[in-house]
$ cat coords.txt   # compact mmCIF, C-alpha atoms and all ligand atoms
# COMPACT_ATOMS: atom_id res chain seq x y z
CA MET A 1 -9.67 23.85 1.40
CA HIS A 2 -9.82 21.81 -1.86
CA ARG A 3 -13.47 21.20 -1.03
CA SER A 4 -14.22 19.80 -4.47
CA LEU A 5 -11.33 17.34 -4.37
CA ALA A 6 -12.30 15.85 -1.05
CA PRO A 7 -13.36 12.43 -0.45
CA ALA A 8 -11.70 10.63 -3.32
CA PHE A 9 -13.68 7.50 -2.59
CA LEU A 10 -16.92 9.30 -3.46
CA LEU A 11 -15.46 10.33 -6.79
CA VAL A 12 -14.32 6.79 -7.47
CA LEU A 13 -17.70 5.39 -6.54
CA GLY A 14 -19.26 7.94 -8.87
CA LEU A 15 -16.95 6.90 -11.70
CA GLY A 16 -18.08 3.35 -11.22
CA LEU A 17 -21.68 4.39 -11.42
CA ALA A 18 -21.25 6.95 -14.16
CA PHE A 19 -21.90 4.47 -16.92
CA ALA A 20 -24.71 2.41 -15.46
CA ARG A 21 -27.32 2.75 -12.75
CA PRO A 22 -26.76 0.43 -9.81
CA GLN A 23 -30.13 -1.28 -10.17
CA GLU A 24 -29.49 -2.12 -13.81
CA GLU A 25 -28.06 -5.47 -14.82
CA VAL A 26 -24.47 -4.70 -15.84
CA ARG A 27 -23.46 -6.22 -19.16
CA VAL A 28 -19.80 -7.01 -19.71
CA ARG A 29 -18.87 -6.77 -23.38
CA ALA A 30 -15.57 -7.83 -24.98
CA GLU A 31 -13.92 -6.12 -27.94
CA PRO A 32 -10.69 -7.14 -29.71
CA VAL A 33 -7.96 -4.47 -29.55
CA ALA A 34 -4.83 -5.79 -31.30
CA GLY A 35 -2.87 -9.08 -31.33
CA SER A 36 -3.55 -11.01 -28.11
CA VAL A 37 -5.16 -8.01 -26.41
CA HIS A 38 -8.87 -7.47 -25.78
CA VAL A 39 -10.83 -5.01 -23.69
CA LEU A 40 -13.85 -5.67 -21.49
CA PHE A 41 -16.37 -2.88 -20.93
CA GLY A 42 -18.67 -3.22 -17.93
CA GLN A 43 -18.97 -0.80 -15.02
CA GLY A 44 -15.89 1.01 -13.74
CA GLY A 45 -12.44 1.03 -15.30
CA ASN A 46 -11.90 -0.77 -18.60
CA ILE A 47 -10.37 -4.24 -18.24
CA GLY A 48 -7.46 -5.21 -20.49
CA VAL A 49 -7.05 -8.91 -21.32
CA SER A 50 -4.11 -10.81 -22.77
CA ALA A 51 -5.43 -14.17 -24.02
CA GLY A 52 -3.20 -16.80 -25.60
CA PRO A 53 -1.33 -20.08 -25.13
CA ASP A 54 0.02 -19.10 -21.69
CA GLY A 55 -3.47 -18.26 -20.43
CA LEU A 56 -5.08 -15.06 -19.24
CA LEU A 57 -3.57 -11.88 -17.85
CA LEU A 58 -5.91 -9.07 -16.75
CA VAL A 59 -5.29 -5.35 -16.39
CA ASP A 60 -7.71 -4.11 -13.68
CA ASP A 61 -10.89 -5.91 -12.63
CA GLN A 62 -13.75 -3.45 -11.88
CA PHE A 63 -16.01 -4.55 -8.99
CA GLU A 64 -16.20 -7.83 -7.07
CA ARG A 65 -19.95 -8.15 -7.69
CA LEU A 66 -19.26 -8.17 -11.47
CA ALA A 67 -16.84 -11.11 -11.24
CA PRO A 68 -19.36 -13.68 -12.60
CA ALA A 69 -20.13 -11.49 -15.63
CA ILE A 70 -16.41 -10.84 -16.19
CA GLU A 71 -15.67 -14.57 -15.96
CA ALA A 72 -18.44 -15.34 -18.45
CA ALA A 73 -16.94 -12.84 -20.91
CA LEU A 74 -13.46 -14.35 -20.40
CA ALA A 75 -14.79 -17.88 -20.95
CA LYS A 76 -16.21 -16.78 -24.30
CA LEU A 77 -12.89 -15.21 -25.29
CA ALA A 78 -10.71 -18.13 -24.20
CA PRO A 79 -12.77 -21.23 -23.29
CA GLU A 80 -9.71 -23.36 -22.35
CA ALA A 81 -7.78 -20.75 -20.42
CA GLY A 82 -9.11 -21.17 -16.89
CA ALA A 83 -8.70 -18.47 -14.24
CA PRO A 84 -6.44 -15.46 -14.95
CA ARG A 85 -2.86 -16.11 -13.75
CA PHE A 86 -1.72 -12.48 -13.56
CA LEU A 87 -3.61 -9.32 -12.66
CA VAL A 88 -1.97 -5.92 -13.13
CA ASN A 89 -3.57 -2.96 -11.33
CA THR A 90 -3.03 0.38 -13.08
CA HIS A 91 -3.65 2.20 -9.74
CA HIS A 92 -5.48 1.72 -6.44
CA HIS A 93 -8.98 3.17 -7.09
CA GLY A 94 -11.83 0.82 -6.26
CA ASP A 95 -13.42 0.89 -9.71
CA HIS A 96 -10.17 -0.74 -10.97
CA THR A 97 -9.24 -2.99 -8.01
CA ASP A 98 -12.38 -4.06 -6.12
CA GLY A 99 -12.48 -7.23 -8.25
CA ASN A 100 -9.11 -8.23 -6.72
CA LYS A 101 -11.20 -9.67 -3.86
CA HIS A 102 -12.26 -12.37 -6.31
CA PHE A 103 -9.53 -12.61 -8.97
CA GLY A 104 -6.68 -12.17 -6.44
CA LYS A 105 -7.49 -15.58 -4.97
CA ARG A 106 -6.07 -17.26 -8.09
CA ALA A 107 -4.00 -14.60 -9.88
CA VAL A 108 -0.71 -13.00 -8.88
CA VAL A 109 -1.52 -9.33 -8.39
CA VAL A 110 1.13 -6.93 -9.74
CA ALA A 111 1.18 -3.15 -9.18
CA HIS A 112 3.31 -0.16 -8.22
CA GLU A 113 4.43 -0.24 -4.58
CA ASN A 114 2.26 2.79 -3.74
CA VAL A 115 -0.83 0.82 -4.81
CA ARG A 116 -0.03 -1.86 -2.24
CA ALA A 117 0.52 0.81 0.44
CA ARG A 118 -2.82 2.48 -0.35
CA LEU A 119 -4.77 -0.80 -0.44
CA LEU A 120 -3.21 -1.70 2.94
CA GLU A 121 -4.34 1.70 4.31
CA GLU A 122 -7.86 0.92 3.09
CA ASN A 123 -7.76 -2.46 4.90
CA ALA A 124 -8.16 -4.42 1.68
CA PRO A 125 -8.31 -8.21 2.23
CA PRO A 126 -5.04 -10.16 1.74
CA GLN A 127 -5.94 -11.53 -1.69
CA SER A 128 -6.46 -7.98 -3.00
CA LEU A 129 -2.90 -6.90 -2.21
CA PRO A 130 -0.22 -6.90 -4.91
CA LEU A 131 2.20 -9.80 -4.31
CA VAL A 132 4.66 -8.35 -6.80
CA THR A 133 5.37 -4.62 -6.61
CA HIS A 134 7.64 -2.41 -8.67
CA ALA A 135 9.18 0.97 -7.87
CA ASP A 136 9.98 2.09 -11.42
CA GLY A 137 8.81 -0.46 -13.96
CA LEU A 138 8.85 -4.20 -14.62
CA ALA A 139 8.48 -6.56 -17.58
CA LEU A 140 6.23 -9.61 -17.84
CA HIS A 141 6.78 -12.24 -20.53
CA TRP A 142 3.44 -13.72 -21.45
CA ASN A 143 1.64 -15.02 -24.54
CA GLY A 144 4.69 -14.54 -26.72
CA GLU A 145 5.40 -10.89 -26.01
CA GLU A 146 7.08 -8.56 -23.56
CA ILE A 147 4.54 -6.65 -21.51
CA ARG A 148 6.22 -3.56 -20.10
CA LEU A 149 4.85 -1.98 -16.95
CA LEU A 150 5.83 1.69 -17.05
CA TYR A 151 5.60 3.83 -13.93
CA VAL A 152 4.23 7.33 -14.48
CA PRO A 153 4.95 9.22 -11.23
CA GLY A 154 2.63 11.85 -9.72
CA ALA A 155 -0.04 11.75 -12.44
CA HIS A 156 -3.63 10.49 -11.87
CA THR A 157 -2.38 9.21 -8.47
CA ASP A 158 1.11 8.41 -7.14
CA GLY A 159 0.91 4.78 -8.27
CA ASP A 160 0.03 4.76 -11.97
CA THR A 161 1.28 1.99 -14.23
CA ALA A 162 0.86 2.05 -18.02
CA VAL A 163 0.78 -1.48 -19.42
CA TRP A 164 2.41 -1.71 -22.84
CA PHE A 165 1.87 -4.90 -24.84
CA THR A 166 4.89 -4.42 -27.10
CA GLY A 167 4.18 -7.34 -29.47
CA SER A 168 0.45 -6.78 -29.84
CA ASN A 169 1.07 -3.02 -30.21
CA ALA A 170 -1.45 -1.87 -27.60
CA ILE A 171 -1.22 0.00 -24.31
CA HIS A 172 -3.61 0.20 -21.35
CA LEU A 173 -3.26 3.63 -19.72
CA GLY A 174 -5.68 3.19 -16.84
CA ASP A 175 -6.89 6.56 -15.58
CA LEU A 176 -3.92 8.37 -17.06
CA TYR A 177 -6.36 8.65 -19.97
CA PHE A 178 -10.00 9.67 -19.53
CA GLN A 179 -11.32 9.39 -23.08
CA VAL A 180 -14.81 10.41 -21.86
CA GLY A 181 -13.92 13.96 -20.82
CA TYR A 182 -11.95 16.07 -18.39
CA PRO A 183 -10.02 13.75 -16.09
CA PHE A 184 -10.29 13.18 -12.38
CA VAL A 185 -6.85 14.06 -10.98
CA ASP A 186 -6.58 12.61 -7.47
CA VAL A 187 -4.37 15.29 -5.91
CA ALA A 188 -5.14 13.93 -2.44
CA SER A 189 -3.52 10.62 -3.50
CA GLY A 190 -0.41 12.21 -4.98
CA GLY A 191 -1.84 12.94 -8.43
CA ASN A 192 -0.84 16.08 -10.34
CA VAL A 193 -1.98 17.38 -13.70
CA VAL A 194 1.55 18.56 -14.60
CA GLY A 195 2.97 15.08 -13.99
CA LEU A 196 0.04 13.61 -15.89
CA ALA A 197 0.67 15.71 -19.00
CA GLU A 198 4.45 15.21 -18.85
CA GLY A 199 4.11 11.47 -18.39
CA LEU A 200 1.73 11.15 -21.34
CA ARG A 201 3.92 13.40 -23.50
CA ALA A 202 6.88 11.07 -22.81
CA LEU A 203 4.76 8.02 -23.67
CA LEU A 204 3.62 9.61 -26.94
CA ALA A 205 7.29 10.01 -27.93
CA LYS A 206 8.03 6.37 -27.13
CA LEU A 207 5.02 4.56 -28.63
CA PRO A 208 4.68 3.44 -32.27
CA ASP A 209 2.39 5.65 -34.37
CA ASP A 210 -0.16 2.88 -34.94
CA VAL A 211 -0.42 1.72 -31.30
CA ARG A 212 -3.94 1.08 -29.97
CA VAL A 213 -4.66 2.95 -26.75
CA ILE A 214 -7.03 1.65 -24.05
CA PRO A 215 -8.20 4.42 -21.70
CA GLY A 216 -9.35 3.88 -18.11
CA HIS A 217 -12.80 5.14 -19.13
CA GLY A 218 -14.15 5.43 -22.66
CA THR A 219 -13.44 3.80 -26.01
CA VAL A 220 -10.19 2.54 -27.52
CA THR A 221 -8.40 5.16 -29.62
CA GLY A 222 -5.13 5.77 -31.43
CA LYS A 223 -2.26 8.10 -30.66
CA GLY A 224 -3.86 11.06 -32.45
CA GLU A 225 -6.77 11.29 -30.03
CA LEU A 226 -4.45 10.77 -27.07
CA ALA A 227 -2.29 13.64 -28.34
CA GLU A 228 -5.39 15.91 -28.47
CA TYR A 229 -6.11 14.99 -24.86
CA VAL A 230 -2.54 15.84 -23.81
CA THR A 231 -2.69 19.16 -25.67
CA MET A 232 -5.92 19.98 -23.81
CA LEU A 233 -4.25 19.18 -20.46
CA GLU A 234 -1.18 21.27 -21.29
CA THR A 235 -3.11 24.23 -22.69
CA ILE A 236 -5.54 24.54 -19.77
CA THR A 237 -2.71 24.05 -17.26
CA GLU A 238 -0.69 26.89 -18.81
CA ARG A 239 -3.74 29.19 -18.83
CA VAL A 240 -4.44 28.41 -15.17
CA ARG A 241 -0.79 29.05 -14.33
CA THR A 242 -1.03 32.50 -15.92
CA HIS A 243 -4.32 33.31 -14.17
CA LEU A 244 -2.85 32.23 -10.81
CA ALA A 245 0.20 34.42 -11.36
CA GLU A 246 -2.15 37.34 -12.01
CA GLY A 247 -4.00 36.60 -8.77
CA ARG A 248 -7.30 35.27 -10.13
CA ASP A 249 -9.40 32.64 -8.37
CA VAL A 250 -11.28 29.73 -9.97
CA ALA A 251 -14.50 31.73 -10.38
CA ALA A 252 -12.62 34.43 -12.29
CA MET A 253 -10.86 31.82 -14.43
CA MET A 254 -14.18 30.22 -15.35
CA ALA A 255 -15.66 33.63 -16.15
CA ALA A 256 -12.64 34.29 -18.37
CA GLY A 257 -13.42 31.06 -20.28
CA VAL A 258 -10.30 29.14 -19.30
CA THR A 259 -11.75 25.86 -20.64
CA ARG A 260 -14.40 27.21 -23.02
CA ASP A 261 -12.89 26.18 -26.36
CA PHE A 262 -12.33 22.62 -25.03
CA ASP A 263 -15.74 22.14 -23.38
CA GLY A 264 -17.41 20.92 -26.58
CA ARG A 265 -15.17 17.86 -26.73
CA TRP A 266 -14.29 17.30 -23.05
CA GLY A 267 -16.93 19.07 -20.95
CA SER A 268 -19.85 16.67 -21.21
CA PHE A 269 -18.65 14.07 -18.70
CA ASP A 270 -21.13 14.79 -15.87
CA PHE A 271 -18.82 13.60 -13.22
CA ILE A 272 -15.96 16.03 -13.88
CA PRO A 273 -17.51 19.28 -15.12
CA PRO A 274 -15.08 21.97 -16.32
CA GLN A 275 -14.88 23.79 -12.99
CA ARG A 276 -14.03 20.66 -11.06
CA PHE A 277 -11.18 19.96 -13.48
CA VAL A 278 -9.90 23.54 -13.15
CA GLU A 279 -9.98 23.19 -9.36
CA SER A 280 -7.76 20.11 -9.66
CA VAL A 281 -5.36 22.03 -11.92
CA VAL A 282 -5.16 24.82 -9.33
CA ALA A 283 -4.52 22.27 -6.57
CA SER A 284 -1.80 20.67 -8.74
CA LEU A 285 -0.01 24.01 -9.20
CA ARG A 286 -0.01 24.94 -5.51
ZN ZN A 301 -8.86 6.22 -11.03

$ encode --input "coords.txt" --output "structure tokens" --more "lines below"
Ligand SMILES: [Zn+2]
Amino acid sequence: MHRSLAPAFLLVLGLGLAFARPQEEVRVRAEPVAGSVHVLFGQGGNIGVSAGPDGLLLVDDQFERLAPAIEAALAKLAPEAGAPRFLVNTHHHGDHTDGNKHFGKRAVVVAHENVRARLLEENAPPQSLPLVTHADGLALHWNGEEIRLLYVPGAHTDGDTAVWFTGSNAIHLGDLYFQVGYPFVDVASGGNVVGLAEGLRALLAKLPDDVRVIPGHGTVTGKGELAEYVTMLETITERVRTHLAEGRDVAAMMAAGVTRDFDGRWGSFDFIPPQRFVESVVASLR
């Protein structure tokens, strides 16, 4: 069953490649976000950076082969800082954690306990494994602010952490937020679109109105655009729920235009076309 959701690793590999061809030289570009927080765009999940007097803290680290380019971008941002001391993984997918093979040699890796379990299952090398795990949240005190790690259960995966820089007024949502289009919901790894929408709705209620929001993939936005994304998730989920109750399959739902009014904004991400997203909603509701 769930043919289209199968091998998650292929999807993750695809996400890594979705923004650059493998033979191309990957450029890593830094952009300031707010306060001490910056974002690095390269290939794979966006990297959050806290740079300041205490040194560097990273949120996710893309791919091991990009480590030299990531280090060059960090050296430009903070020439005196040296190697990152902390590395928070938002979840276990390889386009967010493969760089642990390099950065985990020097940094303390922090993640939800399910991330450690999944990396162990995948036979990740010792330096890639989180040394500090949390079951339901944790705070780090770094560069003059409290950085709150918030667990969002059963969402993109079963190990998602949102990283809220409370002083800088920015949050890294990892793949809880696909700004580029319909999201990949990794149902096979405990993800669920209902948990995803509920978790984001709760975050929207908690965050200041002018917070800057770093997505796992795409550009930095504010709360307004995040709210539109959550509304899209909720609306399509409710439509699919109704169609399922009336006995329709995915083909009938697509023919009925279950995503049609959202496709203009969210349907152009090649990797998760509308039908693939709907299939993940169906799998979430079963
Ligand atoms: Zn992911």

$ residues_around --input "coords.txt" --residues "segment 232-241 of chain A" --least-positions-apart "6" --cutoff "10 Å" --atoms "all atoms listed in the file" --output "PyMOL selection string"
chain A and resi 182-183+193-194+196-198+201+226+247-250+253-254+257-262+265-266+277-282+284-286

$ write_last_selection --input "coords.txt" --atoms "C-alpha atoms" --output "mmCIF file, in the frame of the given file"
data_model
loop_
_atom_site.group_PDB
_atom_site.id
_atom_site.type_symbol
_atom_site.label_atom_id
_atom_site.label_comp_id
_atom_site.auth_asym_id
_atom_site.auth_seq_id
_atom_site.Cartn_x
_atom_site.Cartn_y
_atom_site.Cartn_z
ATOM 1 C CA TYR A 182 -11.950 16.070 -18.390
ATOM 2 C CA PRO A 183 -10.020 13.750 -16.090
ATOM 3 C CA VAL A 193 -1.980 17.380 -13.700
ATOM 4 C CA VAL A 194 1.550 18.560 -14.600
ATOM 5 C CA LEU A 196 0.040 13.610 -15.890
ATOM 6 C CA ALA A 197 0.670 15.710 -19.000
ATOM 7 C CA GLU A 198 4.450 15.210 -18.850
ATOM 8 C CA ARG A 201 3.920 13.400 -23.500
ATOM 9 C CA LEU A 226 -4.450 10.770 -27.070
ATOM 10 C CA GLY A 247 -4.000 36.600 -8.770
ATOM 11 C CA ARG A 248 -7.300 35.270 -10.130
ATOM 12 C CA ASP A 249 -9.400 32.640 -8.370
ATOM 13 C CA VAL A 250 -11.280 29.730 -9.970
ATOM 14 C CA MET A 253 -10.860 31.820 -14.430
ATOM 15 C CA MET A 254 -14.180 30.220 -15.350
ATOM 16 C CA GLY A 257 -13.420 31.060 -20.280
ATOM 17 C CA VAL A 258 -10.300 29.140 -19.300
ATOM 18 C CA THR A 259 -11.750 25.860 -20.640
ATOM 19 C CA ARG A 260 -14.400 27.210 -23.020
ATOM 20 C CA ASP A 261 -12.890 26.180 -26.360
ATOM 21 C CA PHE A 262 -12.330 22.620 -25.030
ATOM 22 C CA ARG A 265 -15.170 17.860 -26.730
ATOM 23 C CA TRP A 266 -14.290 17.300 -23.050
ATOM 24 C CA PHE A 277 -11.180 19.960 -13.480
ATOM 25 C CA VAL A 278 -9.900 23.540 -13.150
ATOM 26 C CA GLU A 279 -9.980 23.190 -9.360
ATOM 27 C CA SER A 280 -7.760 20.110 -9.660
ATOM 28 C CA VAL A 281 -5.360 22.030 -11.920
ATOM 29 C CA VAL A 282 -5.160 24.820 -9.330
ATOM 30 C CA SER A 284 -1.800 20.670 -8.740
ATOM 31 C CA LEU A 285 -0.010 24.010 -9.200
ATOM 32 C CA ARG A 286 -0.010 24.940 -5.510
#

$ closest_atom_pairs --input "coords.txt" --of "chain A" --to "ligand ZN 301 (chain A)" --cutoff "9 Å" --atoms "only C-alpha atoms and all ligand atoms" --output "tab-separated table"
residue	atom	partner	partner_atom	distance
A:Leu11	CA	A:ZN301	ZN	8.9
A:Val12	CA	A:ZN301	ZN	6.5
A:Leu15	CA	A:ZN301	ZN	8.1
A:Gly45	CA	A:ZN301	ZN	7.6
A:Thr90	CA	A:ZN301	ZN	8.5
A:His91	CA	A:ZN301	ZN	6.7
A:His92	CA	A:ZN301	ZN	7.3
A:His93	CA	A:ZN301	ZN	5.0
A:Gly94	CA	A:ZN301	ZN	7.8
A:Asp95	CA	A:ZN301	ZN	7.1
A:His96	CA	A:ZN301	ZN	7.1
A:His156	CA	A:ZN301	ZN	6.8
A:Thr157	CA	A:ZN301	ZN	7.6
A:Gly174	CA	A:ZN301	ZN	7.3
A:Asp175	CA	A:ZN301	ZN	5.0
A:Leu176	CA	A:ZN301	ZN	8.1
A:Phe184	CA	A:ZN301	ZN	7.2
A:Val185	CA	A:ZN301	ZN	8.1
A:Asp186	CA	A:ZN301	ZN	7.7
A:Gly216	CA	A:ZN301	ZN	7.5

$ atom_distance --input "coords.txt" --atom1 "atom CA of Glu145 of chain A" --atom2 "atom CA of Val213 of chain A"
17.1 Å

$ closest_residue --input "coords.txt" --among "A:Gly191, A:Gly44, A:Gly218, A:Pro125" --to "Phe63 of chain A" --atoms "only C-alpha atoms"
A:Gly44

$ residues_around --input "coords.txt" --residues "Val108 of chain A" --least-positions-apart "4" --cutoff "8 Å" --atoms "only C-alpha atoms" --output "ChimeraX atom specification"
/A:85-87,104,130-132

$ closest_residue --input "coords.txt" --among "A:Val39, A:Ala75, A:Ala34, A:Val152" --to "Gly190 of chain A" --atoms "all atoms listed in the file"
A:Val152

$ atom_distance --input "coords.txt" --atom1 "atom CA of Glu146 of chain A" --atom2 "atom CA of Gly52 of chain A"
13.3 Å

$ residues_around --input "coords.txt" --residues "Arg212 of chain A" --least-positions-apart "2" --cutoff "7 Å" --atoms "only C-alpha atoms" --output "VMD selection string"
chain A and resid 33 169 to 171 210 214 220 to 222

$ atom_distance --input "coords.txt" --atom1 "atom CA of Trp164 of chain A" --atom2 "atom CA of Leu149 of chain A"
6.4 Å

$ axis_aligned_box --input "coords.txt" --around "segment 32-48 of chain A" --padding-each-side "8 Å" --output "AutoDock Vina command-line options"
--center_x -10.9 --center_y -5.0 --center_z -22.5 --size_x 32.1 --size_y 28.0 --size_z 33.6

$ closest_residue --input "coords.txt" --among "A:Glu246, A:Asp60, A:Asp98, A:Glu121" --to "Ala162 of chain A" --atoms "only C-alpha atoms"
A:Asp60

$ closest_residue --input "coords.txt" --among "A:Leu244, A:Ala256, A:Ala202, A:Leu119" --to "Ser189 of chain A" --atoms "only C-alpha atoms"
A:Leu119

$ residues_near_point --input "coords.txt" --point "(-1.4, -5.7, -20.4)" --cutoff "7 Å" --atoms "all atoms listed in the file" --output "ChimeraX atom specification"
/A:48-50,58-59,147,163-165,171-172

$ write_last_selection --input "coords.txt" --atoms "C-alpha atoms" --output "short mmCIF file (atom, residue, chain, number, x, y, z; two decimals), in the coordinates of the input"
data_model
loop_
_atom_site.label_atom_id
_atom_site.label_comp_id
_atom_site.auth_asym_id
_atom_site.auth_seq_id
_atom_site.Cartn_x
_atom_site.Cartn_y
_atom_site.Cartn_z
CA GLY A 48 -7.46 -5.21 -20.49
CA VAL A 49 -7.05 -8.91 -21.32
CA SER A 50 -4.11 -10.81 -22.77
CA LEU A 58 -5.91 -9.07 -16.75
CA VAL A 59 -5.29 -5.35 -16.39
CA ILE A 147 4.54 -6.65 -21.51
CA VAL A 163 0.78 -1.48 -19.42
CA TRP A 164 2.41 -1.71 -22.84
CA PHE A 165 1.87 -4.90 -24.84
CA ILE A 171 -1.22 0.00 -24.31
CA HIS A 172 -3.61 0.20 -21.35
#

$ closest_residue --input "coords.txt" --among "A:Leu56, A:Gly181, A:Ala81, A:Glu31" --to "Ala107 of chain A" --atoms "all atoms listed in the file"
A:Leu56

$ residues_around --input "coords.txt" --residues "Asp61 of chain A" --least-positions-apart "5" --cutoff "6 Å" --atoms "only C-alpha atoms" --output "PyMOL selection string"
chain A and resi 47+96-97+99
